[in-house]
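Participant: The following file, query_6.pdb, comprises PDB, C-alpha atoms:
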```pdb
ATOM      1  CA  MET I 472       0.000   0.000   0.000
ATOM      2  CA  ILE I 473       1.365   3.428  -0.972
ATOM      3  CA  LYS I 474       2.021   5.671   1.968
ATOM      4  CA  VAL I 475       1.303   9.369   1.432
ATOM      5  CA  THR I 476       2.404  11.915   4.002
ATOM      6  CA  SER I 477       0.587  15.082   4.910
ATOM      7  CA  VAL I 478       3.161  17.061   2.876
ATOM      8  CA  TYR I 479       1.831  15.693  -0.407
ATOM      9  CA  GLN I 480      -1.782  15.754   0.749
ATOM     10  CA  ARG I 481      -1.457  19.345   1.881
ATOM     11  CA  LYS I 482      -0.109  20.446  -1.486
ATOM     12  CA  ARG I 483      -3.002  18.797  -3.318
ATOM     13  CA  LEU I 484      -5.535  20.468  -1.024
ATOM     14  CA  GLN I 485      -3.935  23.815  -1.780
ATOM     15  CA  ASP I 486      -3.945  23.321  -5.538
ATOM     16  CA  GLN I 487      -5.120  20.275  -7.537
ATOM     17  CA  SER I 488      -2.413  20.934 -10.136
ATOM     18  CA  LEU I 489       0.304  20.299  -7.528
ATOM     19  CA  VAL I 490       0.393  16.586  -8.200
ATOM     20  CA  ILE I 491       3.305  14.367  -9.196
ATOM     21  CA  LEU I 492       2.808  13.169 -12.768
ATOM     22  CA  PHE I 493       4.055   9.587 -13.015
ATOM     23  CA  ILE I 494       4.686   8.316 -16.548
ATOM     24  CA  LYS I 495       3.780   4.988 -18.153
ATOM     25  CA  PRO I 496       6.603   4.137 -20.572
ATOM     26  CA  VAL I 497       6.289   3.170 -24.231
ATOM     27  CA  PHE I 498       8.404   0.267 -25.527
ATOM     28  CA  LYS I 499       9.971  -0.281 -28.947
ATOM     29  CA  GLN I 500      11.046  -3.602 -30.427
ATOM     30  CA  MET I 501      14.302  -3.248 -32.361
ATOM     31  CA  ILE I 502      16.443  -5.553 -34.460
ATOM     32  CA  TRP I 503      19.325  -4.881 -32.057
ATOM     33  CA  GLY I 504      17.335  -4.999 -28.776
ATOM     34  CA  GLY I 505      17.379  -7.447 -25.877
ATOM     35  CA  ASN I 506      15.731  -8.097 -22.527
ATOM     36  CA  ARG I 507      17.795  -6.080 -20.043
ATOM     37  CA  LEU I 508      15.047  -3.495 -19.568
ATOM     38  CA  LYS I 509      13.123  -6.297 -17.865
ATOM     39  CA  ALA I 510      16.088  -7.982 -16.200
ATOM     40  CA  ASP I 511      17.667  -4.782 -14.844
ATOM     41  CA  PHE I 512      14.698  -2.444 -14.397
ATOM     42  CA  GLY I 513      11.724  -4.761 -14.007
ATOM     43  CA  TYR I 514       9.809  -3.320 -16.941
ATOM     44  CA  ASP I 515       7.046  -5.402 -18.517
ATOM     45  CA  ILE I 516       8.630  -5.509 -21.953
ATOM     46  CA  PRO I 517       6.772  -6.737 -25.068
ATOM     47  CA  GLY I 518       9.452  -9.168 -26.238
ATOM     48  CA  GLU I 519      13.053 -10.372 -26.184
ATOM     49  CA  LYS I 520      14.190  -7.723 -28.671
ATOM     50  CA  THR I 521      13.044  -4.648 -26.761
ATOM     51  CA  GLY I 522      15.549  -1.970 -27.636
ATOM     52  CA  GLU I 523      13.955   1.199 -26.284
ATOM     53  CA  CYS I 524      11.820   2.287 -23.371
ATOM     54  CA  TRP I 525      10.500   5.826 -23.902
ATOM     55  CA  THR I 526      10.250   6.884 -20.288
ATOM     56  CA  ILE I 527       9.213  10.515 -20.880
ATOM     57  CA  SER I 528       7.709  11.284 -24.271
ATOM     58  CA  ALA I 529       4.947  13.305 -25.887
ATOM     59  CA  HIS I 530       6.124  12.459 -29.413
ATOM     60  CA  PRO I 531       3.461  11.098 -31.825
ATOM     61  CA  ASN I 532       5.544   7.938 -32.308
ATOM     62  CA  GLY I 533       5.403   7.174 -28.582
ATOM     63  CA  ASP I 534       3.109   9.369 -26.501
ATOM     64  CA  CYS I 535       3.265   8.336 -22.833
ATOM     65  CA  LYS I 536       0.249   8.287 -20.550
ATOM     66  CA  VAL I 537       0.178   9.927 -17.122
ATOM     67  CA  TYR I 538      -1.027   8.529 -13.818
ATOM     68  CA  THR I 539      -1.101   9.894 -10.279
ATOM     69  CA  VAL I 540      -1.167   8.451  -6.799
ATOM     70  CA  GLY I 541      -4.771   7.748  -5.862
ATOM     71  CA  GLY I 542      -5.929   7.920  -9.478
ATOM     72  CA  ASN I 543      -8.446  10.714  -8.913
ATOM     73  CA  SER I 544      -6.660  13.523 -10.705
ATOM     74  CA  PRO I 545      -8.104  15.122 -13.870
ATOM     75  CA  TYR I 546      -4.766  14.285 -15.502
ATOM     76  CA  ASP I 547      -4.984  10.507 -15.012
ATOM     77  CA  GLY I 548      -4.981   8.498 -18.234
ATOM     78  CA  LYS I 549      -4.206  11.474 -20.450
ATOM     79  CA  HIS I 550      -1.293  11.526 -22.841
ATOM     80  CA  LEU I 551       1.591  13.831 -22.032
ATOM     81  CA  SER I 552       1.044  15.665 -25.336
ATOM     82  CA  GLN I 553      -2.541  16.417 -24.274
ATOM     83  CA  LEU I 554      -1.401  17.892 -20.965
ATOM     84  CA  TRP I 555       1.174  20.034 -22.782
ATOM     85  CA  LYS I 556      -1.532  21.336 -25.105
ATOM     86  CA  GLU I 557      -4.400  21.780 -22.633
ATOM     87  CA  HIS I 558      -2.680  22.457 -19.296
ATOM     88  CA  LYS I 559       0.332  24.648 -20.018
ATOM     89  CA  ASN I 560       0.178  25.831 -16.413
ATOM     90  CA  LEU I 561       1.700  22.465 -15.421
ATOM     91  CA  PHE I 562       4.802  23.381 -17.412
ATOM     92  CA  GLY I 563       5.182  27.017 -16.412
ATOM     93  CA  HIS I 564       3.512  28.206 -19.620
ATOM     94  CA  LEU I 565       6.685  27.507 -21.573
ATOM     95  CA  PRO I 566       6.346  28.485 -25.240
ATOM     96  CA  GLY I 567       6.102  26.009 -28.101
ATOM     97  CA  ASN I 568       3.442  23.664 -29.424
ATOM     98  CA  LYS I 569       5.479  20.517 -28.680
ATOM     99  CA  PHE I 570       6.692  19.070 -25.394
ATOM    100  CA  PRO I 571      10.411  19.727 -25.863
ATOM    101  CA  LEU I 572      12.118  16.618 -24.447
ATOM    102  CA  LEU I 573      12.221  12.858 -24.897
ATOM    103  CA  LEU I 574      13.925  10.454 -22.489
ATOM    104  CA  LYS I 575      14.568   6.828 -23.333
ATOM    105  CA  MET I 576      16.362   3.808 -21.936
ATOM    106  CA  ILE I 577      18.262   1.907 -24.636
ATOM    107  CA  ASP I 578      19.300  -1.752 -24.423
ATOM    108  CA  ALA I 579      21.811  -2.489 -27.163
ATOM    109  CA  LYS I 580      22.207  -6.254 -27.272
ATOM    110  CA  GLU I 581      23.727  -5.770 -30.725
ATOM    111  CA  ASP I 582      25.322  -2.782 -32.443
ATOM    112  CA  LEU I 583      23.098   0.113 -33.456
ATOM    113  CA  SER I 584      23.539   1.563 -36.944
ATOM    114  CA  ILE I 585      26.160   4.196 -37.691
ATOM    115  CA  GLN I 586      24.012   7.317 -37.738
ATOM    116  CA  VAL I 587      23.732  11.082 -37.528
ATOM    117  CA  HIS I 588      20.988  13.576 -36.643
ATOM    118  CA  PRO I 589      20.045  16.945 -38.162
ATOM    119  CA  ASP I 590      19.792  20.235 -36.307
ATOM    120  CA  ASP I 591      16.584  22.256 -35.966
ATOM    121  CA  ALA I 592      17.099  24.264 -39.150
ATOM    122  CA  TYR I 593      17.683  21.215 -41.372
ATOM    123  CA  ALA I 594      14.873  19.174 -39.787
ATOM    124  CA  THR I 595      12.411  22.038 -40.093
ATOM    125  CA  LYS I 596      13.156  22.351 -43.807
ATOM    126  CA  HIS I 597      13.533  18.682 -44.769
ATOM    127  CA  GLU I 598      11.454  16.764 -42.178
ATOM    128  CA  CYS I 599       8.059  18.492 -42.235
ATOM    129  CA  GLY I 600       8.813  20.942 -39.457
ATOM    130  CA  SER I 601      10.277  18.400 -37.015
ATOM    131  CA  LEU I 602      12.643  19.424 -34.270
ATOM    132  CA  GLY I 603      16.275  18.524 -34.745
ATOM    133  CA  LYS I 604      17.947  16.047 -32.450
ATOM    134  CA  THR I 605      20.505  17.133 -29.913
ATOM    135  CA  GLU I 606      21.008  14.298 -27.448
ATOM    136  CA  CYS I 607      23.159  13.093 -24.584
ATOM    137  CA  TRP I 608      24.010   9.673 -23.193
ATOM    138  CA  TYR I 609      24.413   8.508 -19.613
ATOM    139  CA  ILE I 610      26.111   5.103 -19.611
ATOM    140  CA  VAL I 611      24.085   3.066 -17.129
ATOM    141  CA  ASP I 612      26.013  -0.152 -17.710
ATOM    142  CA  CYS I 613      28.245  -1.793 -20.293
ATOM    143  CA  GLU I 614      30.213  -4.949 -20.784
ATOM    144  CA  PRO I 615      34.000  -4.826 -20.274
ATOM    145  CA  GLU I 616      35.976  -3.255 -23.142
ATOM    146  CA  THR I 617      32.840  -1.868 -24.784
ATOM    147  CA  ARG I 618      33.387   1.058 -27.137
ATOM    148  CA  ILE I 619      31.104   3.637 -28.744
ATOM    149  CA  VAL I 620      31.370   5.599 -31.967
ATOM    150  CA  VAL I 621      31.507   9.382 -31.503
ATOM    151  CA  GLY I 622      32.805  11.414 -34.437
ATOM    152  CA  HIS I 623      34.954  10.661 -37.475
ATOM    153  CA  LEU I 624      38.539  11.030 -38.726
ATOM    154  CA  ALA I 625      38.054  12.610 -42.170
ATOM    155  CA  HIS I 626      39.850  15.940 -42.582
ATOM    156  CA  THR I 627      37.755  17.353 -45.430
ATOM    157  CA  ARG I 628      34.250  16.842 -46.760
ATOM    158  CA  ALA I 629      35.685  15.389 -49.971
ATOM    159  CA  GLU I 630      37.643  12.841 -47.945
ATOM    160  CA  LEU I 631      34.545  12.103 -45.868
ATOM    161  CA  ILE I 632      32.451  11.390 -48.967
ATOM    162  CA  GLN I 633      35.160   9.221 -50.521
ATOM    163  CA  MET I 634      35.577   7.137 -47.355
ATOM    164  CA  ILE I 635      31.803   6.636 -47.135
ATOM    165  CA  GLU I 636      31.589   5.621 -50.798
ATOM    166  CA  ASP I 637      34.471   3.178 -50.305
ATOM    167  CA  LYS I 638      32.912   1.861 -47.070
ATOM    168  CA  ARG I 639      36.202   2.419 -45.224
ATOM    169  CA  TRP I 640      34.412   2.437 -41.895
ATOM    170  CA  ALA I 641      37.346   1.299 -39.773
ATOM    171  CA  GLU I 642      39.402   4.241 -41.058
ATOM    172  CA  LEU I 643      36.577   6.753 -40.845
ATOM    173  CA  LEU I 644      34.964   6.181 -37.463
ATOM    174  CA  ARG I 645      36.315   7.510 -34.187
ATOM    175  CA  THR I 646      35.696   5.123 -31.288
ATOM    176  CA  ARG I 647      36.397   5.352 -27.579
ATOM    177  CA  ASP I 648      36.206   3.161 -24.518
ATOM    178  CA  ILE I 649      33.341   3.607 -22.085
ATOM    179  CA  GLN I 650      32.488   2.581 -18.549
ATOM    180  CA  PRO I 651      29.382   2.927 -16.372
ATOM    181  CA  GLY I 652      28.793   6.514 -15.302
ATOM    182  CA  ASP I 653      30.302   8.109 -18.429
ATOM    183  CA  PHE I 654      28.311  10.899 -20.029
ATOM    184  CA  PHE I 655      28.435  12.259 -23.594
ATOM    185  CA  GLN I 656      26.819  15.187 -25.356
ATOM    186  CA  ILE I 657      25.988  14.275 -28.981
ATOM    187  CA  GLU I 658      25.498  17.399 -31.055
ATOM    188  CA  PRO I 659      23.604  17.319 -34.386
ATOM    189  CA  GLY I 660      26.002  16.486 -37.199
ATOM    190  CA  THR I 661      28.037  14.055 -35.076
ATOM    191  CA  ILE I 662      28.441  10.538 -36.454
ATOM    192  CA  HIS I 663      27.700   8.169 -33.587
ATOM    193  CA  ALA I 664      26.663   4.643 -32.657
ATOM    194  CA  ILE I 665      25.918   2.706 -29.500
ATOM    195  CA  LYS I 666      27.645  -0.653 -29.534
ATOM    196  CA  ALA I 667      26.573  -4.082 -28.321
ATOM    197  CA  GLY I 668      26.517  -4.674 -24.577
ATOM    198  CA  THR I 669      25.550  -1.117 -23.620
ATOM    199  CA  LEU I 670      22.630   0.084 -21.507
ATOM    200  CA  ILE I 671      22.125   3.842 -21.596
ATOM    201  CA  LEU I 672      19.764   6.631 -20.690
ATOM    202  CA  GLU I 673      19.351   8.992 -23.627
ATOM    203  CA  ILE I 674      18.043  12.520 -23.109
ATOM    204  CA  GLN I 675      17.170  14.382 -26.291
ATOM    205  CA  GLN I 676      14.995  16.861 -28.066
ATOM    206  CA  SER I 677      11.551  15.476 -28.871
ATOM    207  CA  SER I 678      12.487  14.187 -32.313
ATOM    208  CA  ASP I 679      12.491  10.778 -33.997
ATOM    209  CA  ILE I 680      14.671  11.761 -36.952
ATOM    210  CA  THR I 681      17.682   9.499 -37.502
ATOM    211  CA  TYR I 682      19.778   9.235 -40.672
ATOM    212  CA  ARG I 683      21.428   5.828 -41.052
ATOM    213  CA  LEU I 684      24.840   5.981 -42.651
ATOM    214  CA  TYR I 685      25.724   2.295 -42.357
ATOM    215  CA  ASP I 686      23.933  -0.740 -40.882
ATOM    216  CA  TYR I 687      26.452  -3.590 -41.303
ATOM    217  CA  ASP I 688      24.437  -4.924 -44.285
ATOM    218  CA  ARG I 689      21.898  -6.411 -41.841
ATOM    219  CA  LEU I 690      18.528  -7.685 -43.004
ATOM    220  CA  GLU I 691      15.193  -6.951 -41.352
ATOM    221  CA  ASN I 692      12.240  -9.001 -42.589
ATOM    222  CA  GLY I 693      14.512 -10.220 -45.363
ATOM    223  CA  LYS I 694      15.456  -6.729 -46.591
ATOM    224  CA  PRO I 695      18.276  -4.294 -45.799
ATOM    225  CA  ARG I 696      17.181  -1.431 -43.576
ATOM    226  CA  GLU I 697      16.876   1.927 -45.287
ATOM    227  CA  LEU I 698      19.972   4.126 -45.410
ATOM    228  CA  HIS I 699      19.971   7.921 -45.739
ATOM    229  CA  LEU I 700      23.326   8.644 -47.366
ATOM    230  CA  GLU I 701      22.490  11.946 -49.037
ATOM    231  CA  LYS I 702      20.924  13.487 -45.945
ATOM    232  CA  SER I 703      23.676  12.090 -43.737
ATOM    233  CA  ILE I 704      26.374  13.709 -45.834
ATOM    234  CA  ASP I 705      24.393  16.954 -45.834
ATOM    235  CA  VAL I 706      24.404  17.228 -42.050
ATOM    236  CA  ILE I 707      27.681  15.621 -40.912
ATOM    237  CA  THR I 708      30.004  18.139 -39.277
ATOM    238  CA  CYS I 709      33.400  18.129 -40.950
ATOM    239  CA  PRO I 710      35.993  18.119 -39.558
ATOM    240  CA  SER I 711      34.528  16.322 -36.577
ATOM    241  CA  LYS I 712      34.729  17.604 -33.041
ATOM    242  CA  GLU I 713      36.458  15.374 -30.523
ATOM    243  CA  GLY I 714      33.922  13.228 -28.647
ATOM    244  CA  GLN I 715      34.770  13.383 -24.970
ATOM    245  CA  ASP I 716      32.961  12.696 -21.731
ATOM    246  CA  CYS I 717      31.405  16.107 -21.137
ATOM    247  CA  ARG I 718      30.806  16.022 -17.398
ATOM    248  CA  GLU I 719      32.007  19.103 -15.600
ATOM    249  CA  PHE I 720      33.194  16.951 -12.681
ATOM    250  CA  SER I 721      31.658  19.539 -10.372
ATOM    251  CA  ARG I 722      30.282  17.425  -7.554
ATOM    252  CA  GLN I 723      28.435  19.525  -5.015
ATOM    253  CA  GLN I 724      28.054  18.058  -1.554
ATOM    254  CA  LEU I 725      24.599  19.060  -0.315
ATOM    255  CA  ALA I 726      24.589  17.153   2.972
ATOM    256  CA  GLY I 727      26.060  14.019   4.461
ATOM    257  CA  GLY I 728      25.330  11.254   1.958
ATOM    258  CA  VAL I 729      23.716  13.669  -0.514
ATOM    259  CA  TYR I 730      25.407  15.206  -3.548
ATOM    260  CA  ARG I 731      24.636  16.608  -6.969
ATOM    261  CA  GLU I 732      26.822  16.309 -10.061
ATOM    262  CA  LYS I 733      26.386  18.495 -13.121
ATOM    263  CA  LEU I 734      26.331  16.424 -16.295
ATOM    264  CA  THR I 735      25.527  18.953 -18.982
ATOM    265  CA  ARG I 736      24.001  22.359 -19.651
ATOM    266  CA  CYS I 737      22.851  23.293 -23.142
ATOM    267  CA  VAL I 738      20.131  25.335 -24.804
ATOM    268  CA  HIS I 739      17.765  22.329 -24.883
ATOM    269  CA  TYR I 740      18.222  20.744 -21.452
ATOM    270  CA  ASP I 741      20.079  20.734 -18.150
ATOM    271  CA  VAL I 742      20.979  17.356 -16.642
ATOM    272  CA  ASP I 743      22.126  16.543 -13.096
ATOM    273  CA  ARG I 744      22.905  13.287 -11.341
ATOM    274  CA  ILE I 745      21.656  13.242  -7.749
ATOM    275  CA  VAL I 746      22.617  10.725  -5.081
ATOM    276  CA  VAL I 747      20.671  10.563  -1.812
ATOM    277  CA  LYS I 748      21.579   8.343   1.124
ATOM    278  CA  GLY I 749      19.296   9.526   3.879
ATOM    279  CA  SER I 750      17.012  12.530   3.455
ATOM    280  CA  TYR I 751      17.216  15.898   1.749
ATOM    281  CA  THR I 752      14.775  18.651   0.768
ATOM    282  CA  PHE I 753      15.344  20.182  -2.658
ATOM    283  CA  LEU I 754      14.177  23.607  -3.765
ATOM    284  CA  GLN I 755      12.169  23.693  -6.985
ATOM    285  CA  SER I 756      12.248  26.931  -8.969
ATOM    286  CA  GLU I 757      12.084  25.667 -12.562
ATOM    287  CA  PRO I 758       8.961  25.540 -14.813
ATOM    288  CA  PHE I 759       8.833  21.752 -14.404
ATOM    289  CA  THR I 760      11.197  19.051 -13.180
ATOM    290  CA  ILE I 761      11.772  15.583 -14.655
ATOM    291  CA  LEU I 762      13.150  12.958 -12.273
ATOM    292  CA  GLY I 763      14.141   9.370 -13.029
ATOM    293  CA  VAL I 764      15.282   6.728 -10.557
ATOM    294  CA  MET I 765      18.385   4.974 -11.891
ATOM    295  CA  SER I 766      18.962   2.770  -8.838
ATOM    296  CA  GLY I 767      17.721   2.202  -5.320
ATOM    297  CA  GLU I 768      14.388   2.967  -3.704
ATOM    298  CA  GLY I 769      12.875   5.461  -1.333
ATOM    299  CA  MET I 770      10.176   8.118  -1.180
ATOM    300  CA  ILE I 771       9.382  11.549  -2.554
ATOM    301  CA  ASP I 772       7.139  13.484  -0.164
ATOM    302  CA  GLY I 773       6.044  10.147   1.260
ATOM    303  CA  ILE I 774       5.245   8.446  -2.066
ATOM    304  CA  SER I 775       7.214   5.260  -2.686
ATOM    305  CA  ILE I 776       9.575   5.342  -5.678
ATOM    306  CA  LYS I 777      11.956   2.734  -7.051
ATOM    307  CA  LYS I 778      14.433   2.019  -9.819
ATOM    308  CA  GLY I 779      12.836   2.587 -13.215
ATOM    309  CA  ASP I 780      10.271   5.175 -12.097
ATOM    310  CA  TYR I 781      10.052   8.440 -14.035
ATOM    311  CA  PHE I 782       7.874  11.376 -13.099
ATOM    312  CA  ILE I 783       7.359  15.109 -13.541
ATOM    313  CA  LEU I 784       6.967  17.717 -10.826
ATOM    314  CA  PRO I 785       4.759  20.463 -12.312
ATOM    315  CA  ALA I 786       5.350  24.199 -12.123
ATOM    316  CA  GLY I 787       4.855  25.562  -8.647
ATOM    317  CA  TYR I 788       5.089  22.161  -6.954
ATOM    318  CA  GLY I 789       7.564  23.672  -4.537
ATOM    319  CA  ASP I 790      10.108  22.039  -2.283
ATOM    320  CA  TYR I 791      10.248  18.245  -2.306
ATOM    321  CA  THR I 792      11.902  15.781   0.033
ATOM    322  CA  LEU I 793      13.683  12.631  -1.101
ATOM    323  CA  ILE I 794      14.259   9.869   1.449
ATOM    324  CA  GLY I 795      16.053   6.580   0.921
ATOM    325  CA  THR I 796      19.001   5.245  -1.028
ATOM    326  CA  LEU I 797      18.569   6.710  -4.488
ATOM    327  CA  GLU I 798      20.561   7.537  -7.598
ATOM    328  CA  MET I 799      18.488   9.863  -9.754
ATOM    329  CA  ILE I 800      18.733  11.851 -12.957
ATOM    330  CA  LYS I 801      17.168  15.307 -12.939
ATOM    331  CA  VAL I 802      16.332  16.974 -16.249
ATOM    332  CA  LEU I 803      15.171  20.536 -16.883
ATOM    333  CA  SER I 804      14.057  22.063 -20.177
TER     334      SER I 804
END
```
Show me, as structure tokens, the structure contained in the file I just sent.

Facilitator:
Amino acid sequence: MIKVTSVYQRKRLQDQSLVILFIKPVFKQMIWGGNRLKADFGYDIPGEKTGECWTISAHPNGDCKVYTVGGNSPYDGKHLSQLWKEHKNLFGHLPGNKFPLLLKMIDAKEDLSIQVHPDDAYATKHECGSLGKTECWYIVDCEPETRIVVGHLAHTRAELIQMIEDKRWAELLRTRDIQPGDFFQIEPGTIHAIKAGTLILEIQQSSDITYRLYDYDRLENGKPRELHLEKSIDVITCPSKEGQDCREFSRQQLAGGVYREKLTRCVHYDVDRIVVKGSYTFLQSEPFTILGVMSGEGMIDGISIKKGDYFILPAGYGDYTLIGTLEMIKVLS
């Protein structure tokens, strides 16, 4: 039975919009997916090739539903896109007709395609007004000696095109070792790929635009998956920027057993890693706050939370208290 303290009850009595919006995830079967989202996070996945769990999304290709503790909120059962459209007060009346962010857990049992994403300007022009796709990766877990692809080694665009045409992938692609806890910012125009044996949290703009550059000549339903060579070459940044772990390594001790680590700050999102061992009250001042539990269990204002839970604190929710042993990711738009 869920325990709810007077703190949460008092907030709801003051204002019915001051309710924690828990999110029901959307799952995607992928040719490269596996079953770790069930094994590691306890999700009820649809099959043994589940590659993605969209944990926070209002995108048409995976629009999550909302639920609340007690189930008697006017927001229960509505899609996140509907709340963004009809209840902008929940999100601090931020501008824009699209919920700006998309969070997903990715289980790469096999290699993902070599790919690249467009920026806002290119996507608006060539993808029916879509947002571009700036994203970042938090490495939740990976097998020993796992590498990722981030960037390329061509010096000029002519050399880039020639290496792509010749399929000289080993010469072209820049790879680097990873370990759990690493964090990478992937700007539009960056060639990248998640490799087999990696479990990550991806935080991105609300976009589903991916240009495949190479897919290892794999077949899906007996046919090669579509490539997007012309668009890929259009948007690839050349020369490539070095792909490094972008954490600022600025750990802020908030209390005994409680600290916050900045992961990234960019125009589209701010991301922090928060660790709580004990109890701490955080001050909310942002239009809305996304929180995801990466490990452990505990409570937020008396509501039980556990590994795999994702939820949104709406605008004006105010201070909130986390209790337990928790590793969390906090995302702001």

Participant: If you count all atoms listed in the file, which residues fall within 10 Å of Gly789 of chain I, apart from same-chain ones fewer than 6 positions away, as number ranges by chain?

Facilitator: I: 482, 489, 753-757

Participant: Quick one: everything within 9 Å of Leu684 of chain I, counting all atoms listed in the file, minus sequence neighbours fewer than 3 positions away in the same chain. Send it as a PDB file with C-alpha atoms, in the frame of the given file.

Facilitator:
```pdb
ATOM      1  CA  SER I 584      23.539   1.563 -36.944  1.00  0.00           C
ATOM      2  CA  ILE I 585      26.160   4.196 -37.691  1.00  0.00           C
ATOM      3  CA  GLN I 586      24.012   7.317 -37.738  1.00  0.00           C
ATOM      4  CA  VAL I 587      23.732  11.082 -37.528  1.00  0.00           C
ATOM      5  CA  ILE I 635      31.803   6.636 -47.135  1.00  0.00           C
ATOM      6  CA  ILE I 662      28.441  10.538 -36.454  1.00  0.00           C
ATOM      7  CA  LEU I 698      19.972   4.126 -45.410  1.00  0.00           C
ATOM      8  CA  HIS I 699      19.971   7.921 -45.739  1.00  0.00           C
ATOM      9  CA  LEU I 700      23.326   8.644 -47.366  1.00  0.00           C
ATOM     10  CA  SER I 703      23.676  12.090 -43.737  1.00  0.00           C
ATOM     11  CA  ILE I 704      26.374  13.709 -45.834  1.00  0.00           C
TER      12      ILE I 704
END
```

Participant: List the neighbours of segment 590-598 of chain I out to 10 Å using only C-alpha atoms; skip same-chain residues closer than 3 positions along the sequence, and give me the result as a compact mmCIF listing (two decimals) with C-alpha atoms, in the coordinates of the input.

Facilitator:
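So out.txt came out as:
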```txt
# COMPACT_ATOMS: atom_id res chain seq x y z
CA SER I 601 10.28 18.40 -37.02
CA LEU I 602 12.64 19.42 -34.27
CA GLY I 603 16.27 18.52 -34.74
CA LYS I 604 17.95 16.05 -32.45
CA THR I 605 20.50 17.13 -29.91
CA GLU I 658 25.50 17.40 -31.06
CA PRO I 659 23.60 17.32 -34.39
CA GLY I 660 26.00 16.49 -37.20
CA GLN I 676 15.00 16.86 -28.07
CA SER I 678 12.49 14.19 -32.31
CA ILE I 680 14.67 11.76 -36.95
CA LYS I 702 20.92 13.49 -45.94
CA ASP I 705 24.39 16.95 -45.83
CA VAL I 706 24.40 17.23 -42.05
```

Participant: Written as a count of residues only, which residues does the PyMOL selection byres ((chain I and resi 613) around 8) give for the file shown?

Facilitator: 12

Participant: Around (15.1, 2.4, -8.3) in the file's frame, which residues reach within 7 Å when counting all atoms listed in the file? Return as a short mmCIF file (atom, residue, chain, number, x, y, z; two decimals) with C-alpha atoms, in the coordinates of the input?

Facilitator:
```cif
data_model
loop_
_atom_site.label_atom_id
_atom_site.label_comp_id
_atom_site.auth_asym_id
_atom_site.auth_seq_id
_atom_site.Cartn_x
_atom_site.Cartn_y
_atom_site.Cartn_z
CA VAL I 764 15.28 6.73 -10.56
CA MET I 765 18.39 4.97 -11.89
CA SER I 766 18.96 2.77 -8.84
CA GLY I 767 17.72 2.20 -5.32
CA GLU I 768 14.39 2.97 -3.70
CA ILE I 776 9.57 5.34 -5.68
CA LYS I 777 11.96 2.73 -7.05
CA LYS I 778 14.43 2.02 -9.82
CA GLY I 779 12.84 2.59 -13.22
CA ASP I 780 10.27 5.18 -12.10
CA LEU I 797 18.57 6.71 -4.49
#
```

Participant: Which residues fall under the PyMOL selection byres ((chain I and resi 522-539) around 8) in this file, as a ChimeraX atom specification?

Facilitator: /I:490-506,508,520-521,540-544,546-552,569-570,572-580,677-679,781-782

Participant: Please return, as a ChimeraX atom specification, all polymer residues that have at least one atom within 10 Å of the point (6.1, 27.7, -11.7); use all atoms listed in the file and the file's own coordinate frame.

Facilitator: /I:560-565,755-759,785-789

Participant: Between I:Thr760, I:Val729, I:Ile516, I:His739, which residue has the minimum interatomic distance to Leu793 of chain I, considering all atoms listed in the file?

Facilitator: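 Smallest distance to Leu793 of chain I is found for I:Val729.
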
Participant: Between I:Val802, I:Ile671, I:Val620, I:Ala625, which one has atoms that come closest to Arg647 of chain I, using only C-alpha atoms?

Facilitator: I:Val620

Participant: Rank nothing, just name the residue among I:Lys748, I:Glu701, I:Phe654, I:Ile707 nearest to Gln724 of chain I, using all atoms listed in the file.

Facilitator: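 Looking only at the distances to Gln724 of chain I, the closest residue turns out to be I:Lys748.
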
Participant: Expanded to explicit residues, what is the PyMOL selection byres ((chain I and resi 749) around 7) for this file, as a list of chain:residue names?

Facilitator: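 Checking the PyMOL selection byres ((chain I and resi 749) around 7) against this file, the residues are I:Gly728, I:Val747, I:Lys748, I:Ser750, I:Ile794, I:Gly795, I:Thr796.
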
Participant: Mind pulling up the distance from atom CA of Glu557 of chain I to atom CA of Leu672 of chain I?

Facilitator: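 Computing the Euclidean distance for atom CA of Leu672 of chain I and atom CA of Glu557 of chain I yields 28.6 Å.
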